[in-house]
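Have a look at model38.cif; it's mmCIF, C-alpha atoms:
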```cif
data_work
loop_
_atom_site.label_atom_id
_atom_site.label_comp_id
_atom_site.auth_asym_id
_atom_site.auth_seq_id
_atom_site.Cartn_x
_atom_site.Cartn_y
_atom_site.Cartn_z
CA MET V 1 139.81 -21.51 44.65
CA PRO V 2 140.41 -23.69 42.78
CA LEU V 3 138.92 -26.59 44.72
CA ILE V 4 140.78 -29.79 43.89
CA ARG V 5 139.52 -33.34 44.38
CA ILE V 6 142.24 -35.99 44.14
CA ASP V 7 140.91 -39.55 43.88
CA VAL V 8 143.35 -42.46 44.23
CA ILE V 9 143.37 -46.19 44.94
CA ARG V 10 144.28 -47.01 48.54
CA GLY V 11 147.87 -48.20 48.96
CA ARG V 12 150.01 -45.07 48.91
CA THR V 13 151.50 -43.84 52.19
CA GLN V 14 150.31 -40.60 53.78
CA SER V 15 153.65 -39.15 52.79
CA GLN V 16 153.18 -40.13 49.15
CA LEU V 17 149.68 -38.68 49.15
CA ARG V 18 151.03 -35.45 50.60
CA ALA V 19 153.74 -35.38 47.94
CA ILE V 20 151.09 -35.71 45.21
CA ALA V 21 149.01 -32.94 46.78
CA ASP V 22 152.10 -30.73 47.12
CA ALA V 23 153.05 -31.26 43.48
CA VAL V 24 149.52 -30.49 42.32
CA HIS V 25 149.49 -27.28 44.31
CA GLU V 26 152.90 -26.18 43.03
CA VAL V 27 151.71 -26.63 39.46
CA LEU V 28 148.52 -24.66 40.14
CA VAL V 29 150.59 -21.80 41.52
CA GLU V 30 152.81 -21.87 38.43
CA THR V 31 150.24 -22.34 35.67
CA PHE V 32 146.96 -20.99 37.07
CA ALA V 33 148.45 -17.99 38.90
CA THR V 34 146.95 -19.43 42.08
CA PRO V 35 148.27 -17.61 45.18
CA PRO V 36 150.40 -19.92 47.35
CA ARG V 37 147.93 -19.87 50.21
CA ASP V 38 144.96 -20.45 47.88
CA ARG V 39 145.02 -24.18 48.54
CA TYR V 40 141.86 -26.27 48.78
CA GLN V 41 142.48 -29.98 48.28
CA ILE V 42 140.42 -33.03 49.18
CA ILE V 43 141.93 -36.51 48.79
CA SER V 44 139.65 -39.56 48.56
CA GLN V 45 141.07 -43.08 48.75
CA HIS V 46 139.19 -45.91 47.07
CA GLU V 47 139.39 -49.68 47.16
CA SER V 48 140.75 -51.46 44.12
CA GLY V 49 137.84 -51.80 41.70
CA GLU V 50 136.26 -48.51 42.71
CA MET V 51 138.10 -46.54 40.03
CA ILE V 52 137.51 -47.81 36.50
CA LEU V 53 139.46 -45.82 33.93
CA LEU V 54 140.02 -46.88 30.35
CA ASP V 55 141.92 -44.94 27.66
CA THR V 56 139.27 -43.43 25.34
CA GLY V 57 140.96 -45.43 22.59
CA LEU V 58 144.16 -43.39 22.85
CA GLY V 59 146.19 -46.58 22.85
CA PHE V 60 147.90 -46.69 26.20
CA ALA V 61 147.42 -48.97 29.19
CA ARG V 62 146.71 -47.64 32.65
CA SER V 63 147.91 -49.41 35.78
CA THR V 64 145.28 -50.86 38.09
CA HIS V 65 146.51 -49.27 41.32
CA GLY V 66 148.32 -46.13 40.20
CA VAL V 67 145.49 -44.23 38.54
CA VAL V 68 144.78 -40.71 39.80
CA VAL V 69 141.84 -38.48 38.88
CA ILE V 70 142.20 -34.77 39.59
CA GLN V 71 138.93 -32.83 39.42
CA VAL V 72 139.30 -29.06 39.50
CA THR V 73 136.54 -26.52 40.14
CA GLU V 74 137.72 -23.05 39.17
CA GLN V 75 136.72 -19.88 37.38
CA GLY V 76 138.38 -17.78 34.78
CA ARG V 77 141.41 -19.65 33.47
CA THR V 78 142.14 -19.63 29.75
CA ARG V 79 142.61 -22.53 27.39
CA ASP V 80 146.37 -21.86 27.39
CA GLN V 81 146.50 -22.00 31.16
CA LYS V 82 144.63 -25.29 31.17
CA GLU V 83 146.97 -26.84 28.63
CA ALA V 84 149.93 -25.64 30.68
CA LEU V 85 148.35 -27.19 33.77
CA TYR V 86 147.89 -30.61 32.15
CA SER V 87 151.41 -30.67 30.79
CA ALA V 88 153.08 -29.51 34.00
CA LEU V 89 151.01 -31.84 36.20
CA ALA V 90 151.99 -34.89 34.17
CA ALA V 91 155.65 -33.87 34.08
CA ARG V 92 155.95 -32.95 37.77
CA LEU V 93 154.16 -36.06 39.06
CA ALA V 94 156.25 -38.29 36.79
CA ASP V 95 159.56 -36.57 37.61
CA ARG V 96 158.96 -37.23 41.30
CA GLY V 97 157.99 -40.85 40.71
CA LEU V 98 154.47 -40.24 42.02
CA VAL V 99 152.10 -40.83 39.09
CA ALA V 100 152.78 -42.21 35.60
CA PRO V 101 151.65 -39.87 32.79
CA THR V 102 149.38 -42.64 31.53
CA ASP V 103 147.70 -42.90 34.94
CA LEU V 104 146.69 -39.26 35.24
CA VAL V 105 143.24 -37.94 34.30
CA VAL V 106 142.27 -34.30 34.82
CA SER V 107 138.81 -32.76 34.52
CA ILE V 108 138.00 -29.08 35.09
CA THR V 109 134.63 -27.48 35.80
CA GLN V 110 133.95 -23.75 35.80
CA ASN V 111 131.90 -21.67 38.13
CA THR V 112 131.82 -17.90 38.78
CA ARG V 113 133.10 -15.32 41.26
CA ASP V 114 129.76 -15.52 43.09
CA ASP V 115 130.30 -19.17 43.85
CA TRP V 116 132.96 -19.13 46.55
CA SER V 117 133.05 -18.55 50.28
CA PHE V 118 136.40 -19.21 51.92
CA GLY V 119 135.20 -18.70 55.47
CA LEU V 120 133.45 -16.31 57.85
CA GLY V 121 130.24 -16.53 55.82
CA LYS V 122 131.49 -14.10 53.17
CA ALA V 123 131.82 -14.30 49.39
CA GLN V 124 135.34 -12.90 49.39
CA PHE V 125 135.51 -12.37 45.63
CA LEU V 126 132.49 -10.08 45.88
CA THR V 127 133.27 -8.24 49.09
CA GLY V 128 136.65 -6.93 47.96
CA ASP V 129 138.53 -9.11 50.45
CA LEU V 130 140.09 -10.90 47.47
CA MET O 1 134.75 -38.12 29.27
CA PRO O 2 132.21 -38.19 30.78
CA LEU O 3 133.54 -38.54 34.31
CA ILE O 4 131.08 -40.45 36.46
CA ARG O 5 130.88 -40.44 40.24
CA ILE O 6 128.75 -43.22 41.69
CA ASP O 7 127.94 -42.80 45.39
CA VAL O 8 126.34 -45.71 47.29
CA ILE O 9 125.76 -46.93 50.85
CA ARG O 10 128.24 -49.62 51.91
CA GLY O 11 126.79 -53.14 51.83
CA ARG O 12 126.86 -54.19 48.18
CA THR O 13 129.47 -56.75 47.10
CA GLN O 14 132.34 -55.76 44.80
CA SER O 15 130.60 -57.77 42.13
CA GLN O 16 127.34 -55.85 42.57
CA LEU O 17 129.21 -52.54 42.45
CA ARG O 18 130.92 -53.64 39.27
CA ALA O 19 127.57 -54.64 37.79
CA ILE O 20 126.20 -51.16 38.54
CA ALA O 21 129.26 -49.53 36.98
CA ASP O 22 128.99 -51.79 33.93
CA ALA O 23 125.31 -50.97 33.45
CA VAL O 24 125.99 -47.24 33.79
CA HIS O 25 128.72 -47.44 31.18
CA GLU O 26 126.58 -49.45 28.75
CA VAL O 27 123.86 -46.83 28.98
CA LEU O 28 126.33 -44.01 28.39
CA VAL O 29 127.58 -45.77 25.27
CA GLU O 30 124.01 -46.17 24.03
CA THR O 31 122.53 -42.78 24.88
CA PHE O 32 125.49 -40.37 25.02
CA ALA O 33 127.39 -41.82 22.05
CA THR O 34 130.29 -42.41 24.44
CA PRO O 35 132.99 -44.61 22.84
CA PRO O 36 133.25 -47.99 24.60
CA ARG O 37 136.75 -47.26 25.92
CA ASP O 38 135.74 -43.76 27.09
CA ARG O 39 135.12 -44.98 30.62
CA TYR O 40 135.94 -42.91 33.69
CA GLN O 41 134.10 -44.04 36.81
CA ILE O 42 134.74 -43.44 40.50
CA ILE O 43 132.71 -45.32 43.10
CA SER O 44 132.48 -44.00 46.67
CA GLN O 45 130.95 -46.08 49.44
CA HIS O 46 129.38 -44.36 52.41
CA GLU O 47 128.19 -45.42 55.83
CA SER O 48 124.47 -45.52 56.48
CA GLY O 49 123.44 -41.99 57.38
CA GLU O 50 125.98 -40.37 55.09
CA MET O 51 123.56 -40.17 52.17
CA ILE O 52 120.37 -38.29 52.93
CA LEU O 53 118.01 -38.24 49.97
CA LEU O 54 114.35 -37.24 50.13
CA ASP O 55 111.89 -37.11 47.23
CA THR O 56 111.45 -33.39 46.37
CA GLY O 57 107.78 -33.97 47.14
CA LEU O 58 107.33 -36.33 44.18
CA GLY O 59 105.51 -38.79 46.40
CA PHE O 60 107.67 -41.87 46.49
CA ALA O 61 109.73 -43.42 49.28
CA ARG O 62 113.42 -44.17 48.89
CA SER O 63 115.06 -47.09 50.65
CA THR O 64 117.65 -46.34 53.31
CA HIS O 65 120.44 -48.54 51.97
CA GLY O 66 119.73 -48.83 48.25
CA VAL O 67 120.03 -45.19 47.18
CA VAL O 68 122.51 -44.37 44.42
CA VAL O 69 123.61 -40.94 43.23
CA ILE O 70 125.23 -40.73 39.81
CA GLN O 71 127.02 -37.44 39.15
CA VAL O 72 128.12 -36.91 35.56
CA THR O 73 130.59 -34.30 34.28
CA GLU O 74 130.38 -34.03 30.51
CA GLN O 75 130.24 -31.59 27.64
CA GLY O 76 127.99 -31.26 24.67
CA ARG O 77 125.06 -33.63 25.12
CA THR O 78 121.57 -32.45 24.20
CA ARG O 79 118.45 -32.37 26.29
CA ASP O 80 117.14 -35.39 24.36
CA GLN O 81 120.28 -37.36 25.10
CA LYS O 82 120.01 -36.53 28.78
CA GLU O 83 116.39 -37.65 28.95
CA ALA O 84 117.34 -40.87 27.16
CA LEU O 85 120.14 -41.38 29.69
CA TYR O 86 117.86 -40.99 32.71
CA SER O 87 115.27 -43.33 31.29
CA ALA O 88 117.71 -46.04 30.21
CA LEU O 89 119.69 -45.87 33.45
CA ALA O 90 116.60 -46.43 35.57
CA ALA O 91 115.37 -49.26 33.34
CA ARG O 92 118.71 -51.08 33.02
CA LEU O 93 119.56 -50.89 36.73
CA ALA O 94 116.06 -52.08 37.67
CA ASP O 95 115.98 -54.87 35.07
CA ARG O 96 119.17 -56.28 36.52
CA GLY O 97 117.95 -56.02 40.11
CA LEU O 98 120.66 -53.53 40.98
CA VAL O 99 118.90 -50.26 41.86
CA ALA O 100 115.20 -49.48 42.28
CA PRO O 101 113.98 -46.64 40.03
CA THR O 102 112.93 -44.74 43.15
CA ASP O 103 116.47 -45.02 44.58
CA LEU O 104 118.29 -43.46 41.64
CA VAL O 105 119.28 -39.79 41.46
CA VAL O 106 121.26 -38.38 38.52
CA SER O 107 122.88 -34.95 38.28
CA ILE O 108 124.86 -33.69 35.28
CA THR O 109 127.33 -30.81 35.11
CA GLN O 110 128.77 -29.36 31.90
CA ASN O 111 132.27 -28.28 31.11
CA THR O 112 134.03 -27.65 27.76
CA ARG O 113 136.44 -29.34 25.37
CA ASP O 114 139.31 -27.46 27.04
CA ASP O 115 138.59 -29.12 30.34
CA TRP O 116 139.86 -32.65 29.84
CA SER O 117 143.21 -34.38 29.91
CA PHE O 118 143.06 -38.16 29.65
CA GLY O 119 146.76 -38.74 30.19
CA LEU O 120 150.27 -37.83 29.01
CA GLY O 121 149.73 -34.20 29.99
CA LYS O 122 147.73 -33.43 26.87
CA ALA O 123 144.26 -31.94 26.27
CA GLN O 124 143.30 -34.58 23.75
CA PHE O 125 140.15 -32.81 22.55
CA LEU O 126 142.32 -29.84 21.55
CA THR O 127 145.34 -31.63 20.12
CA GLY O 128 143.39 -33.63 17.55
CA ASP O 129 144.11 -36.91 19.33
CA LEU O 130 140.34 -37.22 19.90
CA MET P 1 118.34 -30.23 43.74
CA PRO P 2 120.63 -28.80 44.95
CA LEU P 3 123.01 -31.73 45.40
CA ILE P 4 125.24 -31.13 48.40
CA ARG P 5 128.58 -32.79 49.11
CA ILE P 6 129.81 -32.32 52.67
CA ASP P 7 133.46 -33.31 53.21
CA VAL P 8 134.82 -33.55 56.76
CA ILE P 9 137.72 -35.04 58.70
CA ARG P 10 136.79 -38.27 60.51
CA GLY P 11 136.20 -37.80 64.23
CA ARG P 12 132.72 -36.36 64.54
CA THR P 13 129.92 -38.63 65.79
CA GLN P 14 127.10 -39.72 63.49
CA SER P 15 124.86 -37.43 65.49
CA GLN P 16 127.17 -34.45 64.93
CA LEU P 17 127.35 -35.22 61.21
CA ARG P 18 123.57 -35.38 61.07
CA ALA P 19 123.34 -32.07 62.90
CA ILE P 20 125.64 -30.46 60.32
CA ALA P 21 123.57 -31.93 57.47
CA ASP P 22 120.35 -30.76 59.11
CA ALA P 23 121.69 -27.23 59.57
CA VAL P 24 122.87 -27.09 55.96
CA HIS P 25 119.47 -28.19 54.73
CA GLU P 26 117.62 -25.70 56.93
CA VAL P 27 119.73 -22.88 55.50
CA LEU P 28 119.11 -24.05 51.94
CA VAL P 29 115.37 -23.99 52.58
CA GLU P 30 115.62 -20.49 53.99
CA THR P 31 118.01 -18.84 51.53
CA PHE P 32 117.70 -20.86 48.30
CA ALA P 33 113.91 -21.39 48.45
CA THR P 34 114.62 -25.11 48.41
CA PRO P 35 111.47 -27.14 49.20
CA PRO P 36 111.81 -28.99 52.53
CA ARG P 37 111.76 -32.42 50.86
CA ASP P 38 114.26 -31.32 48.19
CA ARG P 39 117.17 -32.78 50.14
CA TYR P 40 120.12 -34.47 48.47
CA GLN P 41 123.19 -34.67 50.70
CA ILE P 42 126.29 -36.86 50.56
CA ILE P 43 128.76 -36.82 53.47
CA SER P 44 132.34 -38.04 52.93
CA GLN P 45 134.67 -38.57 55.87
CA HIS P 46 138.41 -38.27 55.34
CA GLU P 47 141.49 -39.17 57.34
CA SER P 48 143.52 -36.36 58.83
CA GLY P 49 145.83 -35.11 56.09
CA GLU P 50 143.32 -35.77 53.32
CA MET P 51 141.87 -32.28 53.47
CA ILE P 52 144.40 -29.50 52.99
CA LEU P 53 142.82 -26.07 53.27
CA LEU P 54 144.75 -22.83 53.63
CA ASP P 55 143.30 -19.32 53.87
CA THR P 56 143.87 -17.67 50.45
CA GLY P 57 145.84 -15.06 52.38
CA LEU P 58 142.76 -13.83 54.21
CA GLY P 59 144.63 -13.91 57.50
CA PHE P 60 142.88 -16.50 59.60
CA ALA P 61 143.96 -19.94 60.80
CA ARG P 62 141.89 -23.05 60.13
CA SER P 63 141.81 -25.94 62.56
CA THR P 64 143.30 -29.24 61.42
CA HIS P 65 140.31 -31.46 62.25
CA GLY P 66 137.32 -29.14 62.10
CA VAL P 67 137.43 -28.05 58.46
CA VAL P 68 134.31 -28.62 56.37
CA VAL P 69 133.92 -28.18 52.62
CA ILE P 70 130.40 -27.87 51.27
CA GLN P 71 130.15 -28.29 47.50
CA VAL P 72 126.78 -27.37 46.01
CA THR P 73 125.51 -28.24 42.52
CA GLU P 74 122.43 -26.19 41.69
CA GLN P 75 120.77 -24.12 39.02
CA GLY P 76 119.24 -20.70 38.99
CA ARG P 77 120.07 -19.00 42.27
CA THR P 78 121.05 -15.33 42.24
CA ARG P 79 124.13 -13.68 43.63
CA ASP P 80 122.07 -12.34 46.53
CA GLN P 81 120.81 -15.81 47.37
CA LYS P 82 124.34 -17.17 47.34
CA GLU P 83 125.60 -14.44 49.66
CA ALA P 84 122.68 -15.14 51.98
CA LEU P 85 123.55 -18.84 51.90
CA TYR P 86 127.19 -18.27 52.86
CA SER P 87 126.29 -15.94 55.69
CA ALA P 88 123.51 -18.10 57.13
CA LEU P 89 125.55 -21.31 56.84
CA ALA P 90 128.44 -19.85 58.81
CA ALA P 91 126.15 -18.37 61.45
CA ARG P 92 123.95 -21.47 61.89
CA LEU P 93 126.85 -23.92 62.09
CA ALA P 94 128.69 -21.69 64.55
CA ASP P 95 125.62 -21.01 66.70
CA ARG P 96 125.13 -24.74 67.15
CA GLY P 97 128.79 -25.36 67.96
CA LEU P 98 129.22 -27.52 64.85
CA VAL P 99 131.71 -25.69 62.61
CA ALA P 100 133.81 -22.60 63.26
CA PRO P 101 133.28 -19.83 60.66
CA THR P 102 136.97 -20.00 59.84
CA ASP P 103 136.68 -23.75 59.10
CA LEU P 104 133.90 -23.49 56.53
CA VAL P 105 134.52 -23.40 52.78
CA VAL P 106 131.63 -23.34 50.27
CA SER P 107 131.84 -23.79 46.51
CA ILE P 108 128.86 -23.74 44.14
CA THR P 109 128.63 -25.07 40.59
CA GLN P 110 125.73 -24.41 38.20
CA ASN P 111 123.98 -26.74 35.86
CA THR P 112 120.60 -26.46 34.09
CA ARG P 113 117.03 -27.76 34.38
CA ASP P 114 117.91 -30.55 31.92
CA ASP P 115 120.51 -31.91 34.27
CA TRP P 116 118.46 -33.57 36.99
CA SER P 117 116.63 -36.83 37.43
CA PHE P 118 115.28 -37.44 40.92
CA GLY P 119 114.07 -40.98 40.26
CA LEU P 120 111.93 -43.17 38.00
CA GLY P 121 114.13 -42.34 35.01
CA LYS P 122 112.49 -38.96 34.45
CA ALA P 123 113.85 -35.41 34.19
CA GLN P 124 111.25 -33.99 36.52
CA PHE P 125 112.05 -30.34 35.80
CA LEU P 126 111.24 -31.00 32.13
CA THR P 127 108.25 -33.29 32.48
CA GLY P 128 106.17 -30.89 34.54
CA ASP P 129 106.38 -33.09 37.62
CA LEU P 130 108.28 -30.26 39.31
#
```
Before we go any further, please render this structure as structure tokens.
Amino acid sequence: MPLIRIDVIRGRTQSQLRAIADAVHEVLVETFATPPRDRYQIISQHESGEMILLDTGLGFARSTHGVVVIQVTEQGRTRDQKEALYSALAARLADRGLVAPTDLVVSITQNTRDDWSFGLGKAQFLTGDL
Amino acid sequence: MPLIRIDVIRGRTQSQLRAIADAVHEVLVETFATPPRDRYQIISQHESGEMILLDTGLGFARSTHGVVVIQVTEQGRTRDQKEALYSALAARLADRGLVAPTDLVVSITQNTRDDWSFGLGKAQFLTGDL
Amino acid sequence: MPLIRIDVIRGRTQSQLRAIADAVHEVLVETFATPPRDRYQIISQHESGEMILLDTGLGFARSTHGVVVIQVTEQGRTRDQKEALYSALAARLADRGLVAPTDLVVSITQNTRDDWSFGLGKAQFLTGDL
């Protein structure tokens, strides 16, 4: 927890995809107080045309092949933590030349402590293991 | 916002997939009061056998290759808006010969205004940009 | 309802994927009181490196190719039902040699009765059809 889905257009190398995933995880550790080994990421690559993202009228253009959607399922973070996440994600991914700030969309969904099993058939947030 | 995931079985042309995505967006604009440029769609194509959808006992048969699941993440729509969405989606996709009404499944999940960043590292619903 | 996403690393046969999906559905019927024909499953296969799952510090190792993430969207189940789901999923998938208990991650997200259309453009939980 959190569970992160990273959707991209096919064309990046495995190494670039890993670099994106690494940057996302670093930022989660820094802004969401996620433990370093609390990493759950799923990358999905799409053909061109399978990701259609406009700008909600905000007035910037997105690239056709560089867009990245990060969908986060988590529980308990505050509004301040979320704003810190968005800001740091955009900065980190841009600083490393991985994703332009205009190509990055983030959406978060909440669930509860009951809603996670990290293995062994247990709900570790309920059993005291976490 | 909303973020739309459209899952289909491989076999449609890119043009047919685009037509489905266009119809879904039109209906969102009409029933969810989504601004025309508020478009965030991700299409995922699956092999036959990777989408297993029965009928919840409602008494209709689904096709094996035509099924479409539309998963919507949004915040703030009413029950009436959701019912209008379901109805218009089924009608529009059927009228255009894209998806049979018996092949369409829609699931919505809510989040909050804090949960979106559309680019530039900002939470545009919180900053006043939207 | 529930809608189930099953994400795996490519390499299993179609028959093995089907066996996983079947086991997941059986367990939902048993622990979530899901009707047998209430089956909505989407399998996504990923390349090696596209699923990065650590252990949240729980002290076990995951395999590189056997990891499975099951993401459930549902409404109304209790904490007890969720714990029963986690436990039975891990046991069933292990008993059948399909997924090691250390390779299984489950995440649940809630929505409401308004949030489902199973076909024909209707919200069947609201119309009295279900």
Give me, as JSON lines, the closest atom pair and its distance (Å, one decimal) for every residue of region 53-109 of chain P within a cut-off of 7 Å of region 98-115 of chain V, counting all atoms listed in the file, rows sorted by chain and rising number.
```
{"residue": "P:Arg79", "atom": "CA", "partner": "V:Asp114", "partner_atom": "CA", "distance": 5.9}
{"residue": "P:Ser107", "atom": "CA", "partner": "V:Asp115", "partner_atom": "CA", "distance": 5.5}
{"residue": "P:Ile108", "atom": "CA", "partner": "V:Asp115", "partner_atom": "CA", "distance": 4.8}
{"residue": "P:Thr109", "atom": "CA", "partner": "V:Asn111", "partner_atom": "CA", "distance": 5.3}
```
What are the coordinates of chain P as a tab-separated table (two decimals) with C-alpha atoms, in the coordinates of the input following a least-squares fit to chain O on all in-order C-alpha atoms?
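Okay, this is what ended up in superposed36.tsv:
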```tsv
chain	number	residue	atom	x	y	z
P	1	MET	CA	134.73	-38.13	29.29
P	2	PRO	CA	132.18	-38.19	30.78
P	3	LEU	CA	133.54	-38.54	34.31
P	4	ILE	CA	131.08	-40.46	36.46
P	5	ARG	CA	130.89	-40.45	40.25
P	6	ILE	CA	128.75	-43.23	41.70
P	7	ASP	CA	127.93	-42.81	45.40
P	8	VAL	CA	126.34	-45.71	47.30
P	9	ILE	CA	125.75	-46.93	50.84
P	10	ARG	CA	128.23	-49.63	51.91
P	11	GLY	CA	126.77	-53.13	51.82
P	12	ARG	CA	126.85	-54.18	48.19
P	13	THR	CA	129.46	-56.73	47.09
P	14	GLN	CA	132.32	-55.75	44.80
P	15	SER	CA	130.59	-57.77	42.11
P	16	GLN	CA	127.33	-55.84	42.57
P	17	LEU	CA	129.21	-52.54	42.45
P	18	ARG	CA	130.92	-53.63	39.26
P	19	ALA	CA	127.58	-54.63	37.78
P	20	ILE	CA	126.19	-51.16	38.54
P	21	ALA	CA	129.26	-49.52	36.97
P	22	ASP	CA	129.00	-51.77	33.93
P	23	ALA	CA	125.31	-50.96	33.46
P	24	VAL	CA	125.98	-47.23	33.78
P	25	HIS	CA	128.71	-47.42	31.18
P	26	GLU	CA	126.59	-49.46	28.77
P	27	VAL	CA	123.85	-46.83	28.98
P	28	LEU	CA	126.33	-44.01	28.39
P	29	VAL	CA	127.57	-45.76	25.26
P	30	GLU	CA	124.02	-46.18	24.03
P	31	THR	CA	122.51	-42.78	24.87
P	32	PHE	CA	125.48	-40.37	25.02
P	33	ALA	CA	127.40	-41.82	22.04
P	34	THR	CA	130.28	-42.42	24.44
P	35	PRO	CA	132.99	-44.60	22.84
P	36	PRO	CA	133.25	-47.99	24.60
P	37	ARG	CA	136.75	-47.26	25.92
P	38	ASP	CA	135.75	-43.76	27.08
P	39	ARG	CA	135.13	-44.98	30.62
P	40	TYR	CA	135.95	-42.90	33.68
P	41	GLN	CA	134.10	-44.04	36.80
P	42	ILE	CA	134.75	-43.44	40.49
P	43	ILE	CA	132.70	-45.34	43.10
P	44	SER	CA	132.48	-43.99	46.67
P	45	GLN	CA	130.96	-46.09	49.43
P	46	HIS	CA	129.38	-44.36	52.41
P	47	GLU	CA	128.20	-45.44	55.84
P	48	SER	CA	124.48	-45.53	56.48
P	49	GLY	CA	123.45	-41.99	57.39
P	50	GLU	CA	125.99	-40.38	55.08
P	51	MET	CA	123.57	-40.17	52.18
P	52	ILE	CA	120.37	-38.29	52.93
P	53	LEU	CA	118.01	-38.26	49.97
P	54	LEU	CA	114.36	-37.23	50.13
P	55	ASP	CA	111.90	-37.10	47.24
P	56	THR	CA	111.46	-33.39	46.34
P	57	GLY	CA	107.79	-33.95	47.11
P	58	LEU	CA	107.35	-36.32	44.19
P	59	GLY	CA	105.52	-38.78	46.40
P	60	PHE	CA	107.68	-41.86	46.51
P	61	ALA	CA	109.73	-43.42	49.30
P	62	ARG	CA	113.43	-44.17	48.90
P	63	SER	CA	115.06	-47.10	50.64
P	64	THR	CA	117.65	-46.34	53.31
P	65	HIS	CA	120.44	-48.56	51.96
P	66	GLY	CA	119.74	-48.82	48.24
P	67	VAL	CA	120.04	-45.18	47.19
P	68	VAL	CA	122.51	-44.37	44.42
P	69	VAL	CA	123.61	-40.94	43.23
P	70	ILE	CA	125.24	-40.73	39.82
P	71	GLN	CA	127.01	-37.43	39.16
P	72	VAL	CA	128.12	-36.91	35.56
P	73	THR	CA	130.58	-34.29	34.28
P	74	GLU	CA	130.38	-34.02	30.51
P	75	GLN	CA	130.24	-31.61	27.62
P	76	GLY	CA	127.97	-31.27	24.66
P	77	ARG	CA	125.05	-33.64	25.12
P	78	THR	CA	121.57	-32.46	24.19
P	79	ARG	CA	118.44	-32.39	26.28
P	80	ASP	CA	117.13	-35.40	24.37
P	81	GLN	CA	120.28	-37.37	25.10
P	82	LYS	CA	120.01	-36.55	28.78
P	83	GLU	CA	116.38	-37.66	28.95
P	84	ALA	CA	117.34	-40.87	27.18
P	85	LEU	CA	120.15	-41.38	29.69
P	86	TYR	CA	117.86	-40.99	32.71
P	87	SER	CA	115.27	-43.34	31.31
P	88	ALA	CA	117.71	-46.04	30.20
P	89	LEU	CA	119.70	-45.87	33.45
P	90	ALA	CA	116.62	-46.44	35.57
P	91	ALA	CA	115.37	-49.25	33.35
P	92	ARG	CA	118.72	-51.06	33.03
P	93	LEU	CA	119.55	-50.90	36.73
P	94	ALA	CA	116.06	-52.07	37.66
P	95	ASP	CA	115.98	-54.86	35.07
P	96	ARG	CA	119.17	-56.29	36.52
P	97	GLY	CA	117.94	-56.03	40.11
P	98	LEU	CA	120.68	-53.53	40.98
P	99	VAL	CA	118.91	-50.26	41.85
P	100	ALA	CA	115.22	-49.49	42.28
P	101	PRO	CA	114.00	-46.62	40.04
P	102	THR	CA	112.94	-44.74	43.15
P	103	ASP	CA	116.49	-45.02	44.58
P	104	LEU	CA	118.29	-43.46	41.62
P	105	VAL	CA	119.27	-39.80	41.47
P	106	VAL	CA	121.26	-38.38	38.52
P	107	SER	CA	122.87	-34.95	38.27
P	108	ILE	CA	124.86	-33.69	35.28
P	109	THR	CA	127.32	-30.80	35.11
P	110	GLN	CA	128.77	-29.36	31.88
P	111	ASN	CA	132.26	-28.29	31.10
P	112	THR	CA	134.01	-27.66	27.75
P	113	ARG	CA	136.45	-29.35	25.36
P	114	ASP	CA	139.31	-27.45	27.04
P	115	ASP	CA	138.59	-29.11	30.33
P	116	TRP	CA	139.87	-32.64	29.84
P	117	SER	CA	143.21	-34.38	29.91
P	118	PHE	CA	143.05	-38.15	29.65
P	119	GLY	CA	146.76	-38.74	30.20
P	120	LEU	CA	150.27	-37.84	29.02
P	121	GLY	CA	149.72	-34.20	30.00
P	122	LYS	CA	147.72	-33.42	26.87
P	123	ALA	CA	144.26	-31.94	26.28
P	124	GLN	CA	143.30	-34.57	23.76
P	125	PHE	CA	140.14	-32.82	22.57
P	126	LEU	CA	142.31	-29.84	21.56
P	127	THR	CA	145.33	-31.63	20.15
P	128	GLY	CA	143.42	-33.63	17.57
P	129	ASP	CA	144.12	-36.91	19.34
P	130	LEU	CA	140.37	-37.21	19.90
```
Can you tell me, as a compact mmCIF listing (two decimals) with C-alpha atoms, in the frame of the given file, which residues sit within 10 Å of (140.9, -20.5, 34.7) in the file's frame, using all atoms listed in the file?
```
# COMPACT_ATOMS: atom_id res chain seq x y z
CA PRO V 2 140.41 -23.69 42.78
CA THR V 31 150.24 -22.34 35.67
CA PHE V 32 146.96 -20.99 37.07
CA ALA V 33 148.45 -17.99 38.90
CA THR V 34 146.95 -19.43 42.08
CA VAL V 72 139.30 -29.06 39.50
CA THR V 73 136.54 -26.52 40.14
CA GLU V 74 137.72 -23.05 39.17
CA GLN V 75 136.72 -19.88 37.38
CA GLY V 76 138.38 -17.78 34.78
CA ARG V 77 141.41 -19.65 33.47
CA THR V 78 142.14 -19.63 29.75
CA ARG V 79 142.61 -22.53 27.39
CA ASP V 80 146.37 -21.86 27.39
CA GLN V 81 146.50 -22.00 31.16
CA LYS V 82 144.63 -25.29 31.17
CA ILE V 108 138.00 -29.08 35.09
CA THR V 109 134.63 -27.48 35.80
CA GLN V 110 133.95 -23.75 35.80
CA ASN V 111 131.90 -21.67 38.13
CA ASP O 115 138.59 -29.12 30.34
```
message = Using all atoms listed in the file and a cut-off of 8 Å, which residues of chain V sit close to chain P? Please list them as an MDAnalysis selection string.
response = chainID V and resid 3 14 18 35:44 110:111 114:123 129:130
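The space between CA of Val68 (chain P) and CA of Leu28 (chain P) spans 16.5 Å.
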request  = Given the file shown, determine the residues that the PyMOL selection byres ((chain P and resi 24) around 9) selects; report them as an NGL selection string.
outcome  = :P and (4 or 19-23 or 25-29 or 70 or 89 or 92-93)
query = Which residue out of P:Arg10, P:Glu30, P:Gly128, P:Asp95 has the minimum interatomic distance to Gly66 (chain P) when all atoms listed in the file are used?
reply = P:Arg10
